[in-house]
$ cat target-v5.pdb   # PDB, C-alpha atoms
ATOM      1  CA  MET A   1       0.238  14.095 133.004
ATOM      2  CA  GLU A   2      -1.787  13.321 136.120
ATOM      3  CA  CYS A   3      -5.295  14.675 136.596
ATOM      4  CA  HIS A   4      -6.551  15.334 140.112
ATOM      5  CA  VAL A   5      -9.921  16.657 141.228
ATOM      6  CA  TYR A   6     -11.005  18.152 144.525
ATOM      7  CA  TYR A   7     -14.523  16.786 144.827
ATOM      8  CA  GLU A   8     -17.081  18.736 146.856
ATOM      9  CA  GLY A   9     -19.960  16.380 146.070
ATOM     10  CA  ASP A  10     -22.644  19.046 145.679
ATOM     11  CA  ASP A  11     -23.708  18.083 142.139
ATOM     12  CA  ASP A  12     -26.074  15.346 141.014
ATOM     13  CA  PRO A  13     -23.945  12.151 141.199
ATOM     14  CA  GLU A  14     -25.537  10.891 137.961
ATOM     15  CA  LYS A  15     -24.316  13.965 136.056
ATOM     16  CA  CYS A  16     -20.970  14.383 137.820
ATOM     17  CA  THR A  17     -18.147  14.179 135.302
ATOM     18  CA  ALA A  18     -15.467  13.901 138.008
ATOM     19  CA  ARG A  19     -17.015  10.733 139.438
ATOM     20  CA  ARG A  20     -17.168   9.245 135.967
ATOM     21  CA  LEU A  21     -13.492  10.099 135.420
ATOM     22  CA  GLU A  22     -12.662   8.298 138.664
ATOM     23  CA  LYS A  23     -14.772   5.283 137.649
ATOM     24  CA  PHE A  24     -12.757   4.952 134.418
ATOM     25  CA  ASP A  25      -9.405   5.557 136.206
ATOM     26  CA  LYS A  26      -8.783   8.792 134.334
ATOM     27  CA  ALA A  27      -8.503  11.102 137.367
ATOM     28  CA  ILE A  28      -7.889  10.859 141.103
ATOM     29  CA  LEU A  29     -10.603  12.353 143.299
ATOM     30  CA  HIS A  30      -9.793  13.942 146.641
ATOM     31  CA  ARG A  31     -12.421  14.668 149.245
ATOM     32  CA  SER A  32     -10.037  16.696 151.402
ATOM     33  CA  MET A  33      -8.308  19.796 150.044
ATOM     34  CA  GLY A  34      -5.174  18.872 151.984
ATOM     35  CA  GLN A  35      -4.800  15.699 149.901
ATOM     36  CA  VAL A  36      -4.727  17.560 146.590
ATOM     37  CA  PRO A  37      -1.176  17.645 145.176
ATOM     38  CA  TYR A  38       0.624  20.730 143.918
ATOM     39  CA  GLY A  39      -0.104  21.414 140.261
ATOM     40  CA  VAL A  40      -1.776  23.736 137.799
ATOM     41  CA  VAL A  41      -5.113  24.553 139.439
ATOM     42  CA  LEU A  42      -7.887  25.344 136.969
ATOM     43  CA  ASN A  43      -9.541  28.278 138.699
ATOM     44  CA  PRO A  44     -12.118  30.482 136.923
ATOM     45  CA  HIS A  45     -11.266  33.301 139.358
ATOM     46  CA  ALA A  46      -7.508  33.264 138.672
ATOM     47  CA  GLU A  47      -5.899  36.495 137.535
ATOM     48  CA  GLN A  48      -3.845  34.864 134.784
ATOM     49  CA  ALA A  49      -4.907  32.743 131.806
ATOM     50  CA  LEU A  50      -3.617  29.206 131.368
ATOM     51  CA  SER A  51      -0.898  28.940 128.736
ATOM     52  CA  PRO A  52       1.607  26.333 127.515
ATOM     53  CA  ALA A  53       4.226  28.096 129.668
ATOM     54  CA  ASP A  54       2.432  26.823 132.795
ATOM     55  CA  LEU A  55       3.128  23.166 132.021
ATOM     56  CA  GLU A  56       6.535  23.141 133.725
ATOM     57  CA  GLU A  57       5.329  25.137 136.736
ATOM     58  CA  GLY A  58       2.616  22.573 137.456
ATOM     59  CA  LEU A  59       5.074  19.672 137.550
ATOM     60  CA  GLY A  60       2.931  17.638 135.157
ATOM     61  CA  THR A  61      -0.165  17.745 137.379
ATOM     62  CA  LEU A  62      -3.551  19.236 136.493
ATOM     63  CA  VAL A  63      -5.979  20.004 139.305
ATOM     64  CA  ALA A  64      -9.667  20.827 138.939
ATOM     65  CA  LEU A  65     -12.397  21.616 141.444
ATOM     66  CA  ASP A  66     -15.638  19.699 141.029
ATOM     67  CA  CYS A  67     -18.575  21.592 142.477
ATOM     68  CA  SER A  68     -21.778  23.203 141.267
ATOM     69  CA  TRP A  69     -21.390  26.525 139.476
ATOM     70  CA  GLU A  70     -23.442  28.119 142.256
ATOM     71  CA  SER A  71     -20.743  27.300 144.822
ATOM     72  CA  ALA A  72     -17.701  27.940 142.606
ATOM     73  CA  GLU A  73     -16.573  30.957 144.573
ATOM     74  CA  GLU A  74     -13.063  32.211 145.123
ATOM     75  CA  ALA A  75     -12.996  30.782 148.650
ATOM     76  CA  SER A  76     -13.268  27.293 147.161
ATOM     77  CA  PHE A  77      -9.881  27.649 145.507
ATOM     78  CA  GLN A  78      -7.493  27.490 148.453
ATOM     79  CA  MET A  79      -5.503  24.667 146.853
ATOM     80  CA  ARG A  80      -1.731  24.734 146.586
ATOM     81  CA  GLY A  81      -0.409  25.292 143.101
ATOM     82  CA  VAL A  82      -0.279  27.626 140.150
ATOM     83  CA  HIS A  83      -3.798  29.018 139.700
ATOM     84  CA  ARG A  84      -4.847  29.696 136.118
ATOM     85  CA  ALA A  85      -8.125  30.482 134.362
ATOM     86  CA  LEU A  86      -9.119  28.807 131.138
ATOM     87  CA  PRO A  87      -9.660  31.155 128.192
ATOM     88  CA  PHE A  88     -12.868  31.443 126.180
ATOM     89  CA  LEU A  89     -14.289  28.018 125.304
ATOM     90  CA  VAL A  90     -17.825  26.776 124.710
ATOM     91  CA  ALA A  91     -19.413  23.953 126.694
ATOM     92  CA  ALA A  92     -20.606  20.813 124.898
ATOM     93  CA  ASN A  93     -22.158  19.116 127.922
ATOM     94  CA  PRO A  94     -25.955  18.698 127.839
ATOM     95  CA  ILE A  95     -26.558  21.052 130.795
ATOM     96  CA  ASN A  96     -24.661  24.095 129.476
ATOM     97  CA  TYR A  97     -24.344  23.313 125.751
ATOM     98  CA  GLY A  98     -23.165  26.332 123.770
ATOM     99  CA  ARG A  99     -22.578  28.506 126.824
ATOM    100  CA  PRO A 100     -19.138  30.094 127.035
ATOM    101  CA  PHE A 101     -17.029  29.486 130.142
ATOM    102  CA  ARG A 102     -19.558  27.001 131.698
ATOM    103  CA  LEU A 103     -17.438  23.871 131.387
ATOM    104  CA  THR A 104     -17.751  20.650 133.325
ATOM    105  CA  THR A 105     -14.754  19.293 135.202
ATOM    106  CA  VAL A 106     -13.858  16.923 132.365
ATOM    107  CA  GLU A 107     -14.180  19.692 129.768
ATOM    108  CA  ALA A 108     -11.855  21.894 131.819
ATOM    109  CA  LEU A 109      -9.246  19.154 132.207
ATOM    110  CA  ALA A 110      -9.460  18.252 128.509
ATOM    111  CA  ALA A 111      -9.143  21.915 127.496
ATOM    112  CA  ALA A 112      -6.034  22.316 129.653
ATOM    113  CA  ALA A 113      -4.567  19.155 128.125
ATOM    114  CA  CYS A 114      -5.136  20.580 124.629
ATOM    115  CA  ILE A 115      -3.542  23.909 125.561
ATOM    116  CA  PHE A 116      -0.555  21.893 126.829
ATOM    117  CA  ASP A 117      -0.481  20.135 123.411
ATOM    118  CA  GLU A 118      -1.662  16.841 124.944
ATOM    119  CA  GLU A 119      -4.525  16.067 122.537
ATOM    120  CA  GLU A 120      -4.368  12.313 123.186
ATOM    121  CA  LEU A 121      -4.900  12.916 126.901
ATOM    122  CA  ALA A 122      -7.844  15.219 126.115
ATOM    123  CA  GLU A 123      -9.439  12.574 123.885
ATOM    124  CA  ASP A 124      -8.846   9.903 126.538
ATOM    125  CA  LEU A 125     -10.446  12.027 129.279
ATOM    126  CA  LEU A 126     -13.505  12.765 127.125
ATOM    127  CA  GLU A 127     -13.929   9.210 125.795
ATOM    128  CA  PRO A 128     -16.469   8.060 128.449
ATOM    129  CA  PHE A 129     -18.849  10.914 127.544
ATOM    130  CA  ARG A 130     -21.233  10.800 124.562
ATOM    131  CA  TRP A 131     -20.683  14.513 123.985
ATOM    132  CA  GLY A 132     -16.902  14.413 124.566
ATOM    133  CA  GLU A 133     -15.917  14.504 120.919
ATOM    134  CA  THR A 134     -18.373  17.372 120.389
ATOM    135  CA  PHE A 135     -16.429  19.463 122.912
ATOM    136  CA  LEU A 136     -13.241  19.069 120.894
ATOM    137  CA  THR A 137     -15.053  19.769 117.621
ATOM    138  CA  LEU A 138     -16.831  22.903 118.921
ATOM    139  CA  ASN A 139     -13.575  24.296 120.294
ATOM    140  CA  GLU A 140     -11.149  22.961 117.696
ATOM    141  CA  GLU A 141      -9.975  26.330 116.373
ATOM    142  CA  PRO A 142      -9.565  28.166 119.700
ATOM    143  CA  LEU A 143      -7.846  25.170 121.330
ATOM    144  CA  ARG A 144      -5.400  24.939 118.416
ATOM    145  CA  ARG A 145      -4.705  28.678 118.570
ATOM    146  CA  TYR A 146      -4.266  28.659 122.358
ATOM    147  CA  SER A 147      -1.820  25.733 122.162
ATOM    148  CA  GLU A 148       0.313  27.750 119.716
ATOM    149  CA  CYS A 149       0.694  30.634 122.187
ATOM    150  CA  THR A 150       3.790  30.973 124.328
ATOM    151  CA  ASP A 151       2.401  32.802 127.353
ATOM    152  CA  SER A 152      -0.689  34.127 129.083
ATOM    153  CA  SER A 153      -0.647  37.515 127.336
ATOM    154  CA  GLU A 154      -0.825  35.795 123.929
ATOM    155  CA  ILE A 155      -3.715  33.617 125.167
ATOM    156  CA  VAL A 156      -5.626  36.732 126.252
ATOM    157  CA  ALA A 157      -5.015  38.364 122.850
ATOM    158  CA  VAL A 158      -6.407  35.296 121.042
ATOM    159  CA  GLN A 159      -9.328  35.146 123.479
ATOM    160  CA  GLU A 160     -10.204  38.755 122.604
ATOM    161  CA  ASP A 161     -10.978  37.617 119.036
ATOM    162  CA  TYR A 162     -13.641  35.238 120.338
ATOM    163  CA  LEU A 163     -15.053  37.646 122.903
ATOM    164  CA  ALA A 164     -15.467  40.288 120.194
ATOM    165  CA  ASP A 165     -17.457  37.753 118.141
ATOM    166  CA  GLU A 166     -19.763  37.120 121.129
ATOM    167  CA  GLU A 167     -20.844  40.763 121.362
TER     168      GLU A 167
END
$ encode --input "target-v5.pdb" --output "structure tokens"
Amino acid sequence: MECHVYYEGDDDPEKCTARRLEKFDKAILHRSMGQVPYGVVLNPHAEQALSPADLEEGLGTLVALDCSWESAEEASFQMRGVHRALPFLVAANPINYGRPFRLTTVEALAAAACIFDEEELAEDLLEPFRWGETFLTLNEEPLRRYSECTDSSEIVAVQEDYLADEE
């Protein structure tokens, strides 16, 4: 599975997980939206949740947008592909540790890999980050449950269990 990232460059380069992925040859960065290939686009504004059923539709390509959370607006997601939102997961990165839905680019790609039952890819993506293993540990149960779902409606039903716990 190929990982691609549209890189806006508005985050601190020292903390940018996408740049680190590129440095370790784990993802391809694109600075022009037109260069981004068709695939499953991880979009927090998408109407449908990511599920294992999306793997075939994305032609084996995962696409993420790397930008600051302040600029992650719907207009930023004009990329070609199947747009899907990740379900409830908790960040392990030092900036947003413990906060639901506030994942870094690498966390989002690794989560999608796990939902697609590609745990080895997820581990490989997270390997360059000290907190990478923590992400998988914190989210072990939901990621396992999401990967066992067949479609988006089942993902949403599982997610409801975690959202109810948050209240």
$ residues_around --input "target-v5.pdb" --residues "Ala122 in chain A" --least-positions-apart "4" --cutoff "8 Å" --atoms "all atoms listed in the file" --output "list in words"
Leu109, Ala110, Ala111, Ala113, Cys114, Glu118 and Leu126 of chain A
$ write_last_selection --input "target-v5.pdb" --atoms "C-alpha atoms" --output "mmCIF file, in the coordinates of the input"
data_model
loop_
_atom_site.group_PDB
_atom_site.id
_atom_site.type_symbol
_atom_site.label_atom_id
_atom_site.label_comp_id
_atom_site.auth_asym_id
_atom_site.auth_seq_id
_atom_site.Cartn_x
_atom_site.Cartn_y
_atom_site.Cartn_z
ATOM 1 C CA LEU A 109 -9.246 19.154 132.207
ATOM 2 C CA ALA A 110 -9.460 18.252 128.509
ATOM 3 C CA ALA A 111 -9.143 21.915 127.496
ATOM 4 C CA ALA A 113 -4.567 19.155 128.125
ATOM 5 C CA CYS A 114 -5.136 20.580 124.629
ATOM 6 C CA GLU A 118 -1.662 16.841 124.944
ATOM 7 C CA LEU A 126 -13.505 12.765 127.125
#
$ resolve_selection --input "target-v5.pdb" --expression "the PyMOL selection byres ((chain A and resi 17-25) around 12)" --output "PDB file with C-alpha atoms, keeping the file's coordinate frame"
ATOM      1  CA  GLU A   2      -1.787  13.321 136.120  1.00  0.00           C
ATOM      2  CA  CYS A   3      -5.295  14.675 136.596  1.00  0.00           C
ATOM      3  CA  HIS A   4      -6.551  15.334 140.112  1.00  0.00           C
ATOM      4  CA  VAL A   5      -9.921  16.657 141.228  1.00  0.00           C
ATOM      5  CA  TYR A   6     -11.005  18.152 144.525  1.00  0.00           C
ATOM      6  CA  TYR A   7     -14.523  16.786 144.827  1.00  0.00           C
ATOM      7  CA  GLU A   8     -17.081  18.736 146.856  1.00  0.00           C
ATOM      8  CA  GLY A   9     -19.960  16.380 146.070  1.00  0.00           C
ATOM      9  CA  ASP A  10     -22.644  19.046 145.679  1.00  0.00           C
ATOM     10  CA  ASP A  11     -23.708  18.083 142.139  1.00  0.00           C
ATOM     11  CA  ASP A  12     -26.074  15.346 141.014  1.00  0.00           C
ATOM     12  CA  PRO A  13     -23.945  12.151 141.199  1.00  0.00           C
ATOM     13  CA  GLU A  14     -25.537  10.891 137.961  1.00  0.00           C
ATOM     14  CA  LYS A  15     -24.316  13.965 136.056  1.00  0.00           C
ATOM     15  CA  CYS A  16     -20.970  14.383 137.820  1.00  0.00           C
ATOM     16  CA  LYS A  26      -8.783   8.792 134.334  1.00  0.00           C
ATOM     17  CA  ALA A  27      -8.503  11.102 137.367  1.00  0.00           C
ATOM     18  CA  ILE A  28      -7.889  10.859 141.103  1.00  0.00           C
ATOM     19  CA  LEU A  29     -10.603  12.353 143.299  1.00  0.00           C
ATOM     20  CA  HIS A  30      -9.793  13.942 146.641  1.00  0.00           C
ATOM     21  CA  ARG A  31     -12.421  14.668 149.245  1.00  0.00           C
ATOM     22  CA  VAL A  63      -5.979  20.004 139.305  1.00  0.00           C
ATOM     23  CA  ALA A  64      -9.667  20.827 138.939  1.00  0.00           C
ATOM     24  CA  LEU A  65     -12.397  21.616 141.444  1.00  0.00           C
ATOM     25  CA  ASP A  66     -15.638  19.699 141.029  1.00  0.00           C
ATOM     26  CA  CYS A  67     -18.575  21.592 142.477  1.00  0.00           C
ATOM     27  CA  SER A  68     -21.778  23.203 141.267  1.00  0.00           C
ATOM     28  CA  ASN A  93     -22.158  19.116 127.922  1.00  0.00           C
ATOM     29  CA  PRO A  94     -25.955  18.698 127.839  1.00  0.00           C
ATOM     30  CA  ILE A  95     -26.558  21.052 130.795  1.00  0.00           C
ATOM     31  CA  LEU A 103     -17.438  23.871 131.387  1.00  0.00           C
ATOM     32  CA  THR A 104     -17.751  20.650 133.325  1.00  0.00           C
ATOM     33  CA  THR A 105     -14.754  19.293 135.202  1.00  0.00           C
ATOM     34  CA  VAL A 106     -13.858  16.923 132.365  1.00  0.00           C
ATOM     35  CA  GLU A 107     -14.180  19.692 129.768  1.00  0.00           C
ATOM     36  CA  ALA A 108     -11.855  21.894 131.819  1.00  0.00           C
ATOM     37  CA  LEU A 109      -9.246  19.154 132.207  1.00  0.00           C
ATOM     38  CA  ALA A 110      -9.460  18.252 128.509  1.00  0.00           C
ATOM     39  CA  ASP A 124      -8.846   9.903 126.538  1.00  0.00           C
ATOM     40  CA  LEU A 125     -10.446  12.027 129.279  1.00  0.00           C
ATOM     41  CA  LEU A 126     -13.505  12.765 127.125  1.00  0.00           C
ATOM     42  CA  GLU A 127     -13.929   9.210 125.795  1.00  0.00           C
ATOM     43  CA  PRO A 128     -16.469   8.060 128.449  1.00  0.00           C
ATOM     44  CA  PHE A 129     -18.849  10.914 127.544  1.00  0.00           C
ATOM     45  CA  ARG A 130     -21.233  10.800 124.562  1.00  0.00           C
ATOM     46  CA  TRP A 131     -20.683  14.513 123.985  1.00  0.00           C
ATOM     47  CA  GLY A 132     -16.902  14.413 124.566  1.00  0.00           C
TER      48      GLY A 132
END
$ residues_near_point --input "target-v5.pdb" --point "(-4.9, 19.6, 153.9)" --cutoff "10 Å" --atoms "all atoms listed in the file" --output "PyMOL selection string"
chain A and resi 32-37+78-80
$ residues_around --input "target-v5.pdb" --residues "Leu89 in chain A" --least-positions-apart "6" --cutoff "10 Å" --atoms "all atoms listed in the file" --output "count of residues only"
18
$ atom_distance --input "target-v5.pdb" --atom1 "CA of Ser152 in chain A" --atom2 "CA of Glu133 in chain A"
26.1 Å
$ closest_residue --input "target-v5.pdb" --among "A:Cys149, A:Glu123, A:Arg144, A:Ala53" --to "Arg84 in chain A" --atoms "all atoms listed in the file"
A:Ala53
$ resolve_selection --input "target-v5.pdb" --expression "the PyMOL selection byres ((chain A and resi 44) around 8)" --output "PDB file with C-alpha atoms, keeping the file's coordinate frame"
ATOM      1  CA  LEU A  42      -7.887  25.344 136.969  1.00  0.00           C
ATOM      2  CA  ASN A  43      -9.541  28.278 138.699  1.00  0.00           C
ATOM      3  CA  HIS A  45     -11.266  33.301 139.358  1.00  0.00           C
ATOM      4  CA  ALA A  46      -7.508  33.264 138.672  1.00  0.00           C
ATOM      5  CA  ARG A  84      -4.847  29.696 136.118  1.00  0.00           C
ATOM      6  CA  ALA A  85      -8.125  30.482 134.362  1.00  0.00           C
ATOM      7  CA  LEU A  86      -9.119  28.807 131.138  1.00  0.00           C
TER       8      LEU A  86
END
$ residues_around --input "target-v5.pdb" --residues "Leu59 in chain A" --least-positions-apart "6" --cutoff "8 Å" --atoms "all atoms listed in the file" --output "list in words"
Tyr38, Gly39 and Val40 of chain A
$ resolve_selection --input "target-v5.pdb" --expression "the PyMOL selection byres ((chain A and resi 52) around 7)" --output "NGL selection string"
:A and (51 or 53-55 or 115-116 or 147 or 149-151)
$ atom_distance --input "target-v5.pdb" --atom1 "CA of Met1 in chain A" --atom2 "CA of Gly60 in chain A"
4.9 Å
